[in-house]
>>> print(open('protein21.cif').read())   # mmCIF, C-alpha atoms
data_query
loop_
_atom_site.label_atom_id
_atom_site.label_comp_id
_atom_site.auth_asym_id
_atom_site.auth_seq_id
_atom_site.Cartn_x
_atom_site.Cartn_y
_atom_site.Cartn_z
CA MET A 1 -18.16 2.37 -2.56
CA LYS A 2 -21.19 4.07 -4.11
CA LEU A 3 -23.74 2.98 -6.67
CA ILE A 4 -23.39 5.57 -9.43
CA ASP A 5 -24.89 3.89 -12.50
CA THR A 6 -27.49 1.31 -13.48
CA PHE A 7 -26.79 -2.27 -14.42
CA SER A 8 -28.41 -1.74 -17.83
CA ASN A 9 -26.19 1.26 -18.61
CA ARG A 10 -23.05 -0.56 -17.52
CA LEU A 11 -24.00 -3.60 -19.61
CA GLN A 12 -24.44 -1.41 -22.70
CA THR A 13 -21.16 0.41 -21.94
CA ALA A 14 -19.35 -2.93 -21.64
CA LEU A 15 -20.81 -4.06 -24.96
CA ASN A 16 -19.61 -0.88 -26.62
CA TYR A 17 -16.19 -1.13 -24.98
CA SER A 18 -15.83 -4.75 -26.16
CA ASN A 19 -17.11 -3.84 -29.66
CA MET A 20 -19.78 -6.51 -29.25
CA LYS A 21 -23.40 -6.62 -30.35
CA GLN A 22 -26.26 -8.20 -28.44
CA VAL A 23 -26.18 -11.24 -30.70
CA ASP A 24 -22.48 -11.71 -29.91
CA LEU A 25 -23.22 -11.64 -26.18
CA VAL A 26 -25.98 -14.21 -26.58
CA GLU A 27 -23.61 -16.49 -28.46
CA LYS A 28 -20.72 -16.01 -26.04
CA THR A 29 -22.73 -16.45 -22.83
CA GLY A 30 -25.37 -18.94 -23.91
CA LEU A 31 -27.97 -16.77 -22.18
CA ASP A 32 -31.42 -16.32 -23.68
CA LYS A 33 -31.80 -13.36 -26.04
CA THR A 34 -35.03 -12.27 -24.33
CA LEU A 35 -33.27 -12.23 -20.96
CA ILE A 36 -30.45 -10.03 -22.27
CA ASN A 37 -33.06 -7.74 -23.85
CA LYS A 38 -34.64 -7.28 -20.43
CA TYR A 39 -31.24 -6.55 -18.89
CA LEU A 40 -30.48 -3.86 -21.48
CA ALA A 41 -33.95 -2.35 -21.17
CA GLY A 42 -33.59 -2.09 -17.41
CA ILE A 43 -36.53 -4.39 -16.78
CA MET A 44 -34.43 -6.95 -14.92
CA LYS A 45 -31.10 -7.12 -13.11
CA ALA A 46 -28.90 -10.16 -13.47
CA LYS A 47 -28.67 -12.52 -10.52
CA GLN A 48 -25.20 -13.46 -9.27
CA ASP A 49 -24.71 -16.51 -11.50
CA LYS A 50 -25.75 -14.64 -14.63
CA LEU A 51 -23.76 -11.58 -13.56
CA THR A 52 -20.61 -13.69 -13.37
CA ILE A 53 -21.24 -15.13 -16.83
CA LEU A 54 -21.77 -11.66 -18.31
CA ALA A 55 -18.73 -10.15 -16.59
CA ASN A 56 -16.50 -12.99 -17.79
CA ALA A 57 -17.80 -12.67 -21.35
CA LEU A 58 -17.25 -8.91 -21.36
CA ASP A 59 -13.97 -9.10 -19.41
CA VAL A 60 -15.09 -6.56 -16.79
CA ASN A 61 -15.33 -6.48 -13.01
CA GLU A 62 -18.64 -7.86 -11.71
CA VAL A 63 -19.02 -5.08 -9.13
CA TRP A 64 -18.39 -2.44 -11.81
CA LEU A 65 -21.02 -4.11 -13.99
CA MET A 66 -23.52 -3.72 -11.14
CA GLY A 67 -23.01 0.06 -11.33
CA TYR A 68 -20.55 0.81 -8.52
CA ASP A 69 -17.78 3.42 -8.65
CA ILE A 70 -14.79 1.15 -9.14
CA PRO A 71 -12.58 0.53 -12.19
CA LYS A 72 -14.03 -1.84 -14.74
CA ASP A 73 -10.86 -3.95 -14.93
CA LYS A 74 -11.78 -7.57 -14.28
CA ASP A 75 -8.70 -8.39 -12.22
CA MET A 76 -8.77 -5.25 -10.07
CA LYS A 77 -8.13 -6.16 -6.45
CA LEU A 78 -10.40 -4.58 -3.82
CA ASP A 79 -10.02 -4.07 -0.08
CA GLU A 80 -12.65 -5.00 2.50
CA PHE A 81 -14.51 -1.76 1.81
CA GLY A 82 -14.59 -2.31 -1.94
CA ASN A 83 -11.86 0.22 -2.75
CA PRO A 84 -9.30 -0.62 -5.48
CA VAL A 85 -5.84 -1.49 -4.18
CA THR A 86 -2.43 -2.16 -5.72
CA PRO A 87 0.00 -4.70 -4.23
CA ILE A 88 3.42 -3.23 -3.43
CA PRO A 89 6.52 -5.23 -2.41
CA LEU A 90 7.29 -5.86 1.26
CA LEU A 91 11.08 -5.92 1.27
CA CYS A 92 13.43 -7.88 3.50
CA THR A 93 16.20 -5.26 3.40
CA VAL A 94 17.16 -2.01 1.73
CA LYS A 95 20.84 -1.55 0.94
CA ALA A 96 22.89 0.52 -1.43
CA GLY A 97 24.90 -1.10 -4.18
CA TYR A 98 22.35 -3.67 -5.31
CA ASN A 99 18.84 -3.82 -6.67
CA TYR A 100 16.91 -4.03 -3.42
CA MET A 101 13.63 -3.92 -5.38
CA ALA A 102 14.50 -7.25 -7.04
CA GLN A 103 11.87 -9.89 -6.40
CA GLU A 104 14.24 -12.17 -4.51
CA ASN A 105 14.33 -9.47 -1.83
CA TRP A 106 10.56 -9.54 -1.43
CA GLU A 107 9.08 -10.92 1.77
CA GLY A 108 5.61 -10.61 0.30
CA THR A 109 3.28 -7.81 -0.75
CA ILE A 110 1.16 -5.18 0.97
CA ASP A 111 -1.99 -3.68 -0.52
CA LEU A 112 -1.95 0.08 -1.00
CA ASP A 113 -4.87 2.28 -2.03
CA LYS A 114 -4.68 2.45 -5.83
CA LYS A 115 -5.19 6.23 -5.88
CA ILE A 116 -2.05 6.60 -3.74
CA ALA A 117 -0.10 3.87 -5.54
CA ASP A 118 -0.68 5.60 -8.87
CA THR A 119 1.08 8.75 -7.63
CA GLY A 120 4.57 7.24 -7.36
CA ASP A 121 6.78 4.23 -6.71
CA PHE A 122 6.20 2.59 -3.31
CA PHE A 123 7.53 -0.26 -1.22
CA ALA A 124 6.93 -1.53 2.31
CA LEU A 125 9.51 -2.35 4.97
CA LYS A 126 9.42 -3.92 8.42
CA VAL A 127 10.80 -1.79 11.22
CA LYS A 128 13.76 -3.32 13.05
CA GLY A 129 15.04 -2.32 16.48
CA ASP A 130 13.68 0.16 19.01
CA SER A 131 15.37 3.41 18.02
CA MET A 132 12.14 4.96 16.69
CA ILE A 133 9.88 4.15 19.65
CA PRO A 134 7.27 5.47 20.44
CA ALA A 135 6.36 6.36 16.85
CA PHE A 136 7.50 3.06 15.31
CA PHE A 137 7.93 -0.32 17.01
CA GLU A 138 9.84 -3.37 15.85
CA GLY A 139 7.65 -5.39 13.53
CA ASP A 140 5.63 -2.40 12.33
CA ILE A 141 5.29 -2.14 8.58
CA VAL A 142 5.96 1.24 7.00
CA ILE A 143 4.91 2.30 3.52
CA ILE A 144 7.73 4.18 1.79
CA ARG A 145 7.61 6.37 -1.29
CA LYS A 146 10.77 5.57 -3.23
CA GLN A 147 12.85 8.70 -3.85
CA ASN A 148 16.49 9.72 -3.52
CA ASP A 149 15.97 12.84 -1.43
CA CYS A 150 13.71 14.18 1.30
CA GLU A 151 12.55 17.43 2.81
CA ASN A 152 14.02 18.72 6.04
CA ASN A 153 12.62 16.93 9.13
CA GLN A 154 10.95 14.15 7.14
CA VAL A 155 11.19 10.54 8.26
CA ALA A 156 13.07 8.56 5.64
CA VAL A 157 14.79 5.25 4.99
CA VAL A 158 18.47 6.17 5.20
CA ILE A 159 21.40 4.04 4.06
CA VAL A 160 24.69 4.96 5.73
CA ASN A 161 27.91 3.77 4.08
CA GLY A 162 26.14 0.96 2.24
CA ASP A 163 24.74 -0.67 5.38
CA GLU A 164 21.15 -1.79 5.72
CA GLY A 165 18.70 1.10 5.53
CA THR A 166 17.11 2.35 8.74
CA LEU A 167 14.21 4.66 9.49
CA LYS A 168 15.35 8.05 10.75
CA LYS A 169 14.19 11.66 10.95
CA VAL A 170 16.47 13.65 8.68
CA LYS A 171 17.58 17.13 9.70
CA LYS A 172 19.54 19.06 7.07
CA THR A 173 21.87 21.91 7.99
CA ASP A 174 24.51 23.97 6.22
CA GLU A 175 27.15 21.86 7.97
CA GLY A 176 25.71 18.46 7.02
CA ILE A 177 22.98 15.99 8.00
CA ILE A 178 21.72 14.94 11.40
CA LEU A 179 19.90 11.61 11.78
CA HIS A 180 17.46 11.63 14.69
CA SER A 181 15.94 8.66 16.51
CA PHE A 182 12.65 9.13 18.40
CA ASN A 183 13.77 6.95 21.30
CA PRO A 184 15.60 9.27 23.77
CA ALA A 185 18.01 6.42 24.55
CA TYR A 186 19.55 7.01 21.12
CA GLY A 187 21.16 10.37 20.52
CA PRO A 188 21.30 12.16 17.18
CA VAL A 189 24.11 11.29 14.79
CA MET A 190 25.74 14.14 12.88
CA TYR A 191 27.52 13.75 9.56
CA THR A 192 29.37 16.79 8.29
CA ASN A 193 29.59 17.56 4.61
CA LYS A 194 33.19 16.40 4.68
CA GLU A 195 32.29 13.13 6.41
CA ILE A 196 29.50 12.47 3.91
CA LYS A 197 32.11 12.30 1.13
CA GLU A 198 33.82 9.45 3.00
CA THR A 199 30.68 7.93 4.52
CA PRO A 200 28.01 8.13 1.80
CA ILE A 201 24.46 8.72 2.99
CA VAL A 202 21.70 7.63 0.63
CA ILE A 203 17.99 8.36 0.94
CA ALA A 204 16.02 5.35 -0.30
CA GLY A 205 12.55 6.76 0.29
CA VAL A 206 10.26 8.79 2.52
CA PHE A 207 7.76 7.49 5.07
CA GLN A 208 4.13 7.67 3.94
CA GLU A 209 2.02 5.37 6.07
CA LEU A 210 2.19 3.08 9.11
CA ARG A 211 0.65 -0.39 9.24
CA ARG A 212 0.41 -1.88 12.71
CA THR A 213 -1.41 -5.14 13.37
CA GLU A 214 -0.88 -5.30 17.15
CA LEU A 215 -1.42 -2.84 19.99
CA LYS A 216 1.84 -1.62 21.51
CA PHE A 217 2.15 -0.89 25.22
#
>>> encode(input="protein21.cif", output="structure tokens")
Amino acid sequence: MKLIDTFSNRLQTALNYSNMKQVDLVEKTGLDKTLINKYLAGIMKAKQDKLTILANALDVNEVWLMGYDIPKDKDMKLDEFGNPVTPIPLLCTVKAGYNYMAQENWEGTIDLDKKIADTGDFFALKVKGDSMIPAFFEGDIVIIRKQNDCENNQVAVVIVNGDEGTLKKVKKTDEGIILHSFNPAYGPVMYTNKEIKETPIVIAGVFQELRRTELKF
């Protein structure tokens, strides 16, 4: 997070954005007119208590008002480094035949970098089982870009015959689709084009990012 502007410039920008005049800000905040004059002239910077009052009156983010390179939206959520994030749903299950993105299927939310979140539709899912060890362990959280197809050899959430979606590496061939596990104890599963007509295979999304809170040995 970088300082890219001055407090005085941001204060004037916020006034313009809110279609407010200095007298309106004085009335709305109860702050002294002389003090606000000094803020706008760049003679003084607002201390934290006054900064909060000004940000609330102008409906902008306090950190943005200080001059940092973040969105001005007041309710913008930031990570520990001050970067904007967007909450995405952490789902209990992914299945075909019902709206798995419905809120009753949410286990919670996971914060995703806003720049990434703005590029598509994302959800998070907890890994179950050991078929994808050593790349993915049970309990890991994976960030998935929601889409109904994938490129060859991508890791995707795959729903087979309406069952609960699982994480698999997808290999496409002229004869059909092969689902690969990373754990050598689980062999690849082949579905021919003919079998796919009887055993539908649905791609729910493609793996984007791994979140792991514990070391795995």
>>> resolve_selection(input="protein21.cif", expression="the PyMOL selection byres ((chain A and resi 91) around 9)", output="PyMOL selection string")
chain A and resi 89-90+92-94+100-101+103+105-109+123-126
>>> write_last_selection(input="protein21.cif", atoms="C-alpha atoms", output="short mmCIF file (atom, residue, chain, number, x, y, z; two decimals), in the coordinates of the input")
data_model
loop_
_atom_site.label_atom_id
_atom_site.label_comp_id
_atom_site.auth_asym_id
_atom_site.auth_seq_id
_atom_site.Cartn_x
_atom_site.Cartn_y
_atom_site.Cartn_z
CA PRO A 89 6.52 -5.23 -2.41
CA LEU A 90 7.29 -5.86 1.26
CA CYS A 92 13.43 -7.88 3.50
CA THR A 93 16.20 -5.26 3.40
CA VAL A 94 17.16 -2.01 1.73
CA TYR A 100 16.91 -4.03 -3.42
CA MET A 101 13.63 -3.92 -5.38
CA GLN A 103 11.87 -9.89 -6.40
CA ASN A 105 14.33 -9.47 -1.83
CA TRP A 106 10.56 -9.54 -1.43
CA GLU A 107 9.08 -10.92 1.77
CA GLY A 108 5.61 -10.61 0.30
CA THR A 109 3.28 -7.81 -0.75
CA PHE A 123 7.53 -0.26 -1.22
CA ALA A 124 6.93 -1.53 2.31
CA LEU A 125 9.51 -2.35 4.97
CA LYS A 126 9.42 -3.92 8.42
#
>>> residues_around(input="protein21.cif", residues="range 141-147 of chain A", least_positions_apart="2", cutoff="6 Å", atoms="only C-alpha atoms", output="NGL selection string")
:A and (121-126 or 149 or 204-211)
>>> atom_distance(input="protein21.cif", atom1="CA of Val155 in chain A", atom2="CA of Leu167 in chain A")
6.7 Å
>>> closest_atom_pairs(input="protein21.cif", of="range 58-96 of chain A", to="range 14-33 of chain A", cutoff="10 Å", atoms="only C-alpha atoms", output="Markdown table")
| residue | atom | partner | partner_atom | distance |
| --- | --- | --- | --- | --- |
| A:Leu58 | CA | A:Ala14 | CA | 6.3 |
| A:Asp59 | CA | A:Ser18 | CA | 8.2 |
| A:Val60 | CA | A:Ala14 | CA | 7.4 |
| A:Trp64 | CA | A:Ala14 | CA | 9.9 |
| A:Leu65 | CA | A:Ala14 | CA | 7.9 |
| A:Lys72 | CA | A:Ala14 | CA | 8.8 |
>>> atom_distance(input="protein21.cif", atom1="CA of Gly120 in chain A", atom2="CA of Asp163 in chain A")
25.1 Å
>>> resolve_selection(input="protein21.cif", expression="the PyMOL selection byres ((chain A and resi 4) around 12)", output="PyMOL selection string")
chain A and resi 1-3+5-7+9-10+63-70
>>> build_atoms(input="protein21.cif", residues="range 194-205 of chain A", atoms="all heavy atoms", output="mmCIF file, in the coordinates of the input")
data_model
loop_
_atom_site.group_PDB
_atom_site.id
_atom_site.type_symbol
_atom_site.label_atom_id
_atom_site.label_comp_id
_atom_site.auth_asym_id
_atom_site.auth_seq_id
_atom_site.Cartn_x
_atom_site.Cartn_y
_atom_site.Cartn_z
ATOM 1 N N LYS A 194 31.931 17.070 4.956
ATOM 2 C CA LYS A 194 33.190 16.400 4.680
ATOM 3 C C LYS A 194 33.081 14.910 4.951
ATOM 4 O O LYS A 194 33.562 14.079 4.159
ATOM 5 C CB LYS A 194 34.301 17.011 5.540
ATOM 6 C CG LYS A 194 35.667 16.393 5.303
ATOM 7 C CD LYS A 194 36.730 17.051 6.171
ATOM 8 C CE LYS A 194 38.106 16.405 5.942
ATOM 9 N NZ LYS A 194 39.138 17.035 6.801
ATOM 10 N N GLU A 195 32.432 14.552 6.065
ATOM 11 C CA GLU A 195 32.290 13.130 6.410
ATOM 12 C C GLU A 195 31.408 12.397 5.413
ATOM 13 O O GLU A 195 31.620 11.213 5.129
ATOM 14 C CB GLU A 195 31.701 13.003 7.819
ATOM 15 C CG GLU A 195 32.664 13.391 8.925
ATOM 16 C CD GLU A 195 31.989 13.415 10.277
ATOM 17 O OE1 GLU A 195 30.773 13.739 10.344
ATOM 18 O OE2 GLU A 195 32.669 13.105 11.278
ATOM 19 N N ILE A 196 30.419 13.098 4.857
ATOM 20 C CA ILE A 196 29.500 12.470 3.910
ATOM 21 C C ILE A 196 30.235 12.014 2.648
ATOM 22 O O ILE A 196 29.857 11.034 2.008
ATOM 23 C CB ILE A 196 28.345 13.434 3.569
ATOM 24 C CG1 ILE A 196 27.448 13.611 4.800
ATOM 25 C CG2 ILE A 196 27.519 12.920 2.388
ATOM 26 C CD1 ILE A 196 26.389 14.679 4.646
ATOM 27 N N LYS A 197 31.316 12.718 2.294
ATOM 28 C CA LYS A 197 32.110 12.300 1.130
ATOM 29 C C LYS A 197 32.799 10.967 1.379
ATOM 30 O O LYS A 197 33.005 10.185 0.459
ATOM 31 C CB LYS A 197 33.149 13.375 0.804
ATOM 32 C CG LYS A 197 32.548 14.684 0.325
ATOM 33 C CD LYS A 197 33.634 15.716 0.030
ATOM 34 C CE LYS A 197 33.029 17.027 -0.448
ATOM 35 N NZ LYS A 197 34.075 18.041 -0.725
ATOM 36 N N GLU A 198 33.140 10.704 2.645
ATOM 37 C CA GLU A 198 33.820 9.450 3.000
ATOM 38 C C GLU A 198 32.834 8.392 3.476
ATOM 39 O O GLU A 198 33.109 7.190 3.377
ATOM 40 C CB GLU A 198 34.847 9.728 4.100
ATOM 41 C CG GLU A 198 35.914 10.735 3.689
ATOM 42 C CD GLU A 198 36.843 11.101 4.836
ATOM 43 O OE1 GLU A 198 36.584 10.640 5.969
ATOM 44 O OE2 GLU A 198 37.823 11.847 4.598
ATOM 45 N N THR A 199 31.714 8.840 4.009
ATOM 46 C CA THR A 199 30.680 7.930 4.520
ATOM 47 C C THR A 199 29.373 8.274 3.801
ATOM 48 O O THR A 199 28.557 9.050 4.314
ATOM 49 C CB THR A 199 30.502 8.083 6.040
ATOM 50 O OG1 THR A 199 31.767 7.943 6.677
ATOM 51 C CG2 THR A 199 29.542 7.048 6.587
ATOM 52 N N PRO A 200 29.171 7.734 2.608
ATOM 53 C CA PRO A 200 28.010 8.130 1.800
ATOM 54 C C PRO A 200 26.684 7.879 2.540
ATOM 55 O O PRO A 200 26.502 6.849 3.195
ATOM 56 C CB PRO A 200 28.117 7.231 0.563
ATOM 57 C CG PRO A 200 29.547 6.819 0.511
ATOM 58 C CD PRO A 200 30.000 6.723 1.934
ATOM 59 N N ILE A 201 25.805 8.842 2.425
ATOM 60 C CA ILE A 201 24.460 8.720 2.990
ATOM 61 C C ILE A 201 23.457 8.799 1.844
ATOM 62 O O ILE A 201 23.439 9.769 1.083
ATOM 63 C CB ILE A 201 24.189 9.835 4.020
ATOM 64 C CG1 ILE A 201 25.121 9.655 5.224
ATOM 65 C CG2 ILE A 201 22.735 9.819 4.463
ATOM 66 C CD1 ILE A 201 24.969 10.712 6.286
ATOM 67 N N VAL A 202 22.655 7.741 1.731
ATOM 68 C CA VAL A 202 21.700 7.630 0.630
ATOM 69 C C VAL A 202 20.284 7.603 1.190
ATOM 70 O O VAL A 202 19.997 6.861 2.132
ATOM 71 C CB VAL A 202 21.956 6.355 -0.202
ATOM 72 C CG1 VAL A 202 20.904 6.192 -1.296
ATOM 73 C CG2 VAL A 202 23.353 6.386 -0.809
ATOM 74 N N ILE A 203 19.408 8.409 0.608
ATOM 75 C CA ILE A 203 17.990 8.360 0.940
ATOM 76 C C ILE A 203 17.318 7.380 -0.016
ATOM 77 O O ILE A 203 17.386 7.546 -1.235
ATOM 78 C CB ILE A 203 17.321 9.743 0.822
ATOM 79 C CG1 ILE A 203 18.057 10.780 1.677
ATOM 80 C CG2 ILE A 203 15.841 9.667 1.197
ATOM 81 C CD1 ILE A 203 18.038 10.493 3.159
ATOM 82 N N ALA A 204 16.689 6.342 0.547
ATOM 83 C CA ALA A 204 16.020 5.350 -0.300
ATOM 84 C C ALA A 204 14.544 5.660 -0.494
ATOM 85 O O ALA A 204 13.927 5.192 -1.456
ATOM 86 C CB ALA A 204 16.167 3.950 0.316
ATOM 87 N N GLY A 205 13.969 6.430 0.412
ATOM 88 C CA GLY A 205 12.550 6.760 0.290
ATOM 89 C C GLY A 205 12.061 7.477 1.535
ATOM 90 O O GLY A 205 12.752 7.554 2.550
#
